[in-house]
Amino acid sequence: MAVLMFFVILLESIIQRLLMLGEELVDATLEHMKQWPIYLSQKMAQLLQELEQKSLEPSTQEKSGMAWGSLLFAALQYQPFWAIAGLLVLLVGFWWWFRRWSHQAYNQSDDSSSGYRDKEEEQDNAEDDVTKFIVEHIRLPVQDITTECKRVMRLVHTYIHIFRELSADSFSPVLEKAIGVGSAFEGWSLSKEDIVYRIFVPMKPPIGHAFHLELSTANVMEGRTWRIRVELLCTCLRPRKMLCFLHHPMEELRRIQKPSLLYTLCTDSYLDVQKTIRWFQRLVKDAWLFLPHPSKYHVELLPSSRSIRFQVTRDNEPKLTIEMIFGVQQGNSDIFLSSESTEAGSTPSTVWSESCAVAEVKFFRHIARKAPSDSFHLKCLQLYAYILNGSSFSVYTFKTAVMHLLTTIPLSNWRRKHFLQRLRGITSYLHCCLEEKHLNHFFFGNENVPEEILLPSSFQNAIQPNLFRHLAEDPASLPEALRDFYALQDRLRRYVIFGH
């Protein structure tokens, strides 16, 4: 800095010197240039004469040096010389200063970059310490339930095998391999005691029957619903020894073989959800006797009209609550028609809701394969699920927001050290959605859905349903929704700060 100030002062002095010359310098320049060679030649002649006369004197060398100094002094009396010399000095000085400054800046950049890295590492360590504190002190009853999930799947597969054996001579829906869905199998459930292990069981039509899916409610904004029409097929040419429901007399059919699905589980040619559930509930009771070591199991059926819910206790192992949901696949996609009720509440028994549960569990498995091993996206969901108790917001709302953000924010930014940032990001994202009264469904019309998740063509071109449609239709309800949201924010802050 001192060097820089020096050259600034030097530049000012040269400029002042040039200004003092002013017009005088301009007018006298030519005259000086004419007289300058004459002046120098006179001085040179005078000096050479003095040198010849005093060549034998002992101090000749000293005086000759003084003579040359006089000549130089005479040259320095010439005013334009000072201007040119000053500019040359200024240029050389700036060149020297620039080289020195560049060298120092390079060294400082190395020091500063290493210091920045150290500072960044310190900041990351500090954030990691804060995150570690939060994770350790927030009293979330989070436990590893991988073992329990495997137990449940083994038990359900055993049940399905027994169901097939017990219904082999009937024309009931054929059960396929079960699929674990919901928070337990997505990896963000809270506690073993409160978990309901939800199992999706796909069904296919029995021999001599076909399922035709008919759209009942096409409005995706309100949740599409379907009906499953059952059609009888000709089986005359099949090698299996069975009578054709279409081409054999009714009396013979009633006497020799079990009735068709149309007469057992259908209402007006449409598969009935409640009749289907009651059929399988009876099979659960009968299948208990065929379980390995049935005396070690205690099975208790729980009331449900559109799924099979039961609790299983074995020896001293924790009680397992299992819910079996039945459905029919839409083509070859990961979207199913489900026996679950719609959000509208009362659902006719021949109406099946559209479910993305299988697609959702596939999405979280996809993220688990791609994300770093210390990814905290599931911890974010667990925390929000915990603080939502008693709130007007559903867990599915926050789950949808997290799925959107997982496909827009790089997965490398969901690690443990980013936990607080992601919590703030999720909260900010939902706040913006509330202000706009719009939150898009994840699987409809979304180009960010991973390719491995198979969707019907109607999903790809559909308008995205708005999960906040009720706010758009009733703007007066927005202030109350915002108050609930701010209360959730306060609750989240308390959990982050105090751990409970």
# chains A, B, ... in the order shown; residues from 1 in each chain; ligands from 1
>>> select_by_dssp(residues="range 193-319 of chain A", states="helix (DSSP H, G or I)", output="ChimeraX atom specification")
/A:220-222,250-256,261-264,273-290,294-296
>>> residues_around(residues="range 319-332 of chain A", least_positions_apart="3", cutoff="9 Å", atoms="only C-alpha atoms", output="ChimeraX atom specification")
/A:148,152,156,175,178,192-204,211,213,228,273,276-277,306-314,316,335-340,352,355,454-456
>>> closest_residue(among="A:Gly390, A:Pro259, A:Gly182, A:Pro410", to="Ser375 in chain A", atoms="only C-alpha atoms")
A:Pro410
>>> closest_residue(among="A:Leu232, A:Leu265, A:Cys433, A:Ala287", to="Arg164 in chain A", atoms="only C-alpha atoms")
A:Ala287
>>> atom_distance(atom1="CA of Ser428 in chain A", atom2="CA of Phe498 in chain A")
21.6 Å
>>> atom_distance(atom1="CA of Gln460 in chain A", atom2="CA of Ala359 in chain A")
13.9 Å
>>> closest_residue(among="A:Ser477, A:Thr342, A:Ser189, A:Thr350", to="Ser269 in chain A", atoms="only C-alpha atoms")
A:Thr350
>>> residues_around(residues="Ser392 in chain A", least_positions_apart="5", cutoff="9 Å", atoms="only C-alpha atoms", output="list in words")
Ala481, Asp484 and Phe485 of chain A
>>> select_by_dssp(residues="range 254-368 of chain A", states="strand (DSSP E)", output="PyMOL selection string")
chain A and resi 266-267+270-271+297-302+308-314+320-329+336-338+352-355
>>> write_last_selection(atoms="N, CA, C and O atoms", output="compact mmCIF listing (two decimals), in the first residue's frame")
# COMPACT_ATOMS: atom_id res chain seq x y z
N CYS A 266 -69.20 -60.19 -7.10
CA CYS A 266 -69.56 -59.07 -7.97
C CYS A 266 -70.95 -58.53 -7.63
O CYS A 266 -71.79 -59.25 -7.07
N THR A 267 -71.14 -57.27 -7.98
CA THR A 267 -72.45 -56.62 -7.91
C THR A 267 -72.71 -55.97 -9.26
O THR A 267 -71.95 -55.08 -9.67
N TYR A 270 -69.79 -55.99 -11.62
CA TYR A 270 -68.59 -55.26 -11.20
C TYR A 270 -68.04 -55.84 -9.90
O TYR A 270 -68.81 -56.16 -8.98
N LEU A 271 -66.74 -56.00 -9.86
CA LEU A 271 -66.11 -56.58 -8.68
C LEU A 271 -66.38 -55.71 -7.46
O LEU A 271 -66.11 -54.51 -7.46
N TYR A 297 -48.71 -68.90 17.37
CA TYR A 297 -49.25 -67.65 16.82
C TYR A 297 -50.58 -67.31 17.48
O TYR A 297 -51.39 -68.19 17.80
N HIS A 298 -50.77 -66.02 17.65
CA HIS A 298 -52.09 -65.52 18.05
C HIS A 298 -52.49 -64.45 17.04
O HIS A 298 -51.80 -63.43 16.89
N VAL A 299 -53.57 -64.72 16.29
CA VAL A 299 -54.02 -63.82 15.24
C VAL A 299 -55.34 -63.20 15.65
O VAL A 299 -56.29 -63.91 16.02
N GLU A 300 -55.41 -61.89 15.59
CA GLU A 300 -56.64 -61.16 15.94
C GLU A 300 -57.04 -60.27 14.77
O GLU A 300 -56.30 -59.37 14.38
N LEU A 301 -58.20 -60.53 14.20
CA LEU A 301 -58.71 -59.71 13.11
C LEU A 301 -59.23 -58.38 13.65
O LEU A 301 -59.92 -58.34 14.67
N LEU A 302 -58.93 -57.31 12.96
CA LEU A 302 -59.39 -55.98 13.34
C LEU A 302 -60.45 -55.51 12.36
O LEU A 302 -60.43 -55.89 11.18
N ILE A 308 -57.85 -55.89 4.89
CA ILE A 308 -57.76 -56.89 5.95
C ILE A 308 -56.71 -56.41 6.95
O ILE A 308 -55.54 -56.27 6.62
N ARG A 309 -57.16 -56.14 8.14
CA ARG A 309 -56.27 -55.70 9.21
C ARG A 309 -56.28 -56.75 10.31
O ARG A 309 -57.34 -57.17 10.77
N PHE A 310 -55.09 -57.14 10.73
CA PHE A 310 -55.00 -58.13 11.81
C PHE A 310 -53.68 -57.95 12.54
O PHE A 310 -52.71 -57.40 12.01
N GLN A 311 -53.69 -58.42 13.78
CA GLN A 311 -52.50 -58.38 14.62
C GLN A 311 -52.01 -59.80 14.86
O GLN A 311 -52.81 -60.71 15.13
N VAL A 312 -50.72 -59.96 14.77
CA VAL A 312 -50.10 -61.27 14.95
C VAL A 312 -49.10 -61.18 16.09
O VAL A 312 -48.25 -60.29 16.13
N THR A 313 -49.22 -62.11 17.02
CA THR A 313 -48.29 -62.20 18.13
C THR A 313 -47.70 -63.60 18.16
O THR A 313 -48.44 -64.59 18.06
N ARG A 314 -46.38 -63.67 18.27
CA ARG A 314 -45.71 -64.97 18.32
C ARG A 314 -44.71 -64.97 19.46
O ARG A 314 -43.77 -64.18 19.48
N LEU A 320 -47.30 -57.46 15.79
CA LEU A 320 -47.25 -56.87 14.46
C LEU A 320 -48.67 -56.56 13.98
O LEU A 320 -49.54 -57.45 14.03
N THR A 321 -48.89 -55.33 13.55
CA THR A 321 -50.17 -54.94 12.97
C THR A 321 -49.99 -54.88 11.45
O THR A 321 -49.16 -54.11 10.96
N ILE A 322 -50.77 -55.70 10.75
CA ILE A 322 -50.62 -55.83 9.30
C ILE A 322 -51.92 -55.45 8.62
O ILE A 322 -53.01 -55.81 9.08
N GLU A 323 -51.80 -54.71 7.53
CA GLU A 323 -52.95 -54.34 6.71
C GLU A 323 -52.71 -54.81 5.29
O GLU A 323 -51.74 -54.39 4.65
N MET A 324 -53.58 -55.68 4.81
CA MET A 324 -53.47 -56.17 3.44
C MET A 324 -54.48 -55.43 2.57
O MET A 324 -55.68 -55.46 2.83
N ILE A 325 -53.96 -54.77 1.54
CA ILE A 325 -54.78 -53.99 0.61
C ILE A 325 -54.76 -54.71 -0.73
O ILE A 325 -53.69 -55.13 -1.21
N PHE A 326 -55.90 -54.86 -1.33
CA PHE A 326 -56.00 -55.61 -2.59
C PHE A 326 -56.22 -54.64 -3.74
O PHE A 326 -56.84 -53.57 -3.58
N GLY A 327 -55.69 -55.01 -4.90
CA GLY A 327 -55.82 -54.12 -6.04
C GLY A 327 -55.57 -54.81 -7.36
O GLY A 327 -55.15 -55.98 -7.41
N VAL A 328 -55.80 -54.08 -8.42
CA VAL A 328 -55.63 -54.58 -9.79
C VAL A 328 -54.72 -53.61 -10.52
O VAL A 328 -54.91 -52.38 -10.46
N GLN A 329 -53.73 -54.15 -11.21
CA GLN A 329 -52.74 -53.33 -11.90
C GLN A 329 -53.30 -52.70 -13.16
O GLN A 329 -54.07 -53.32 -13.90
N PHE A 336 -52.02 -48.80 -9.49
CA PHE A 336 -53.00 -49.85 -9.24
C PHE A 336 -54.35 -49.25 -8.86
O PHE A 336 -54.43 -48.12 -8.38
N LEU A 337 -55.39 -50.04 -9.09
CA LEU A 337 -56.68 -49.75 -8.49
C LEU A 337 -56.70 -50.42 -7.12
O LEU A 337 -56.37 -51.60 -7.00
N SER A 338 -57.08 -49.67 -6.11
CA SER A 338 -56.92 -50.12 -4.73
C SER A 338 -58.27 -50.27 -4.04
O SER A 338 -59.23 -49.55 -4.34
N TRP A 352 -63.25 -48.50 -6.99
CA TRP A 352 -61.87 -48.72 -6.56
C TRP A 352 -61.07 -47.44 -6.79
O TRP A 352 -61.16 -46.82 -7.85
N SER A 353 -60.31 -47.04 -5.80
CA SER A 353 -59.54 -45.80 -5.91
C SER A 353 -58.22 -46.05 -6.65
O SER A 353 -57.75 -47.19 -6.75
N GLU A 354 -57.67 -44.98 -7.18
CA GLU A 354 -56.39 -45.07 -7.88
C GLU A 354 -55.26 -44.86 -6.88
O GLU A 354 -55.24 -43.88 -6.14
N SER A 355 -54.30 -45.78 -6.87
CA SER A 355 -53.24 -45.74 -5.86
C SER A 355 -51.87 -45.66 -6.52
O SER A 355 -51.57 -46.37 -7.48
>>> residues_around(residues="Leu423 in chain A", least_positions_apart="5", cutoff="10 Å", atoms="only C-alpha atoms", output="ChimeraX atom specification")
/A:377,379-381,383-384,402,418,428-429,492
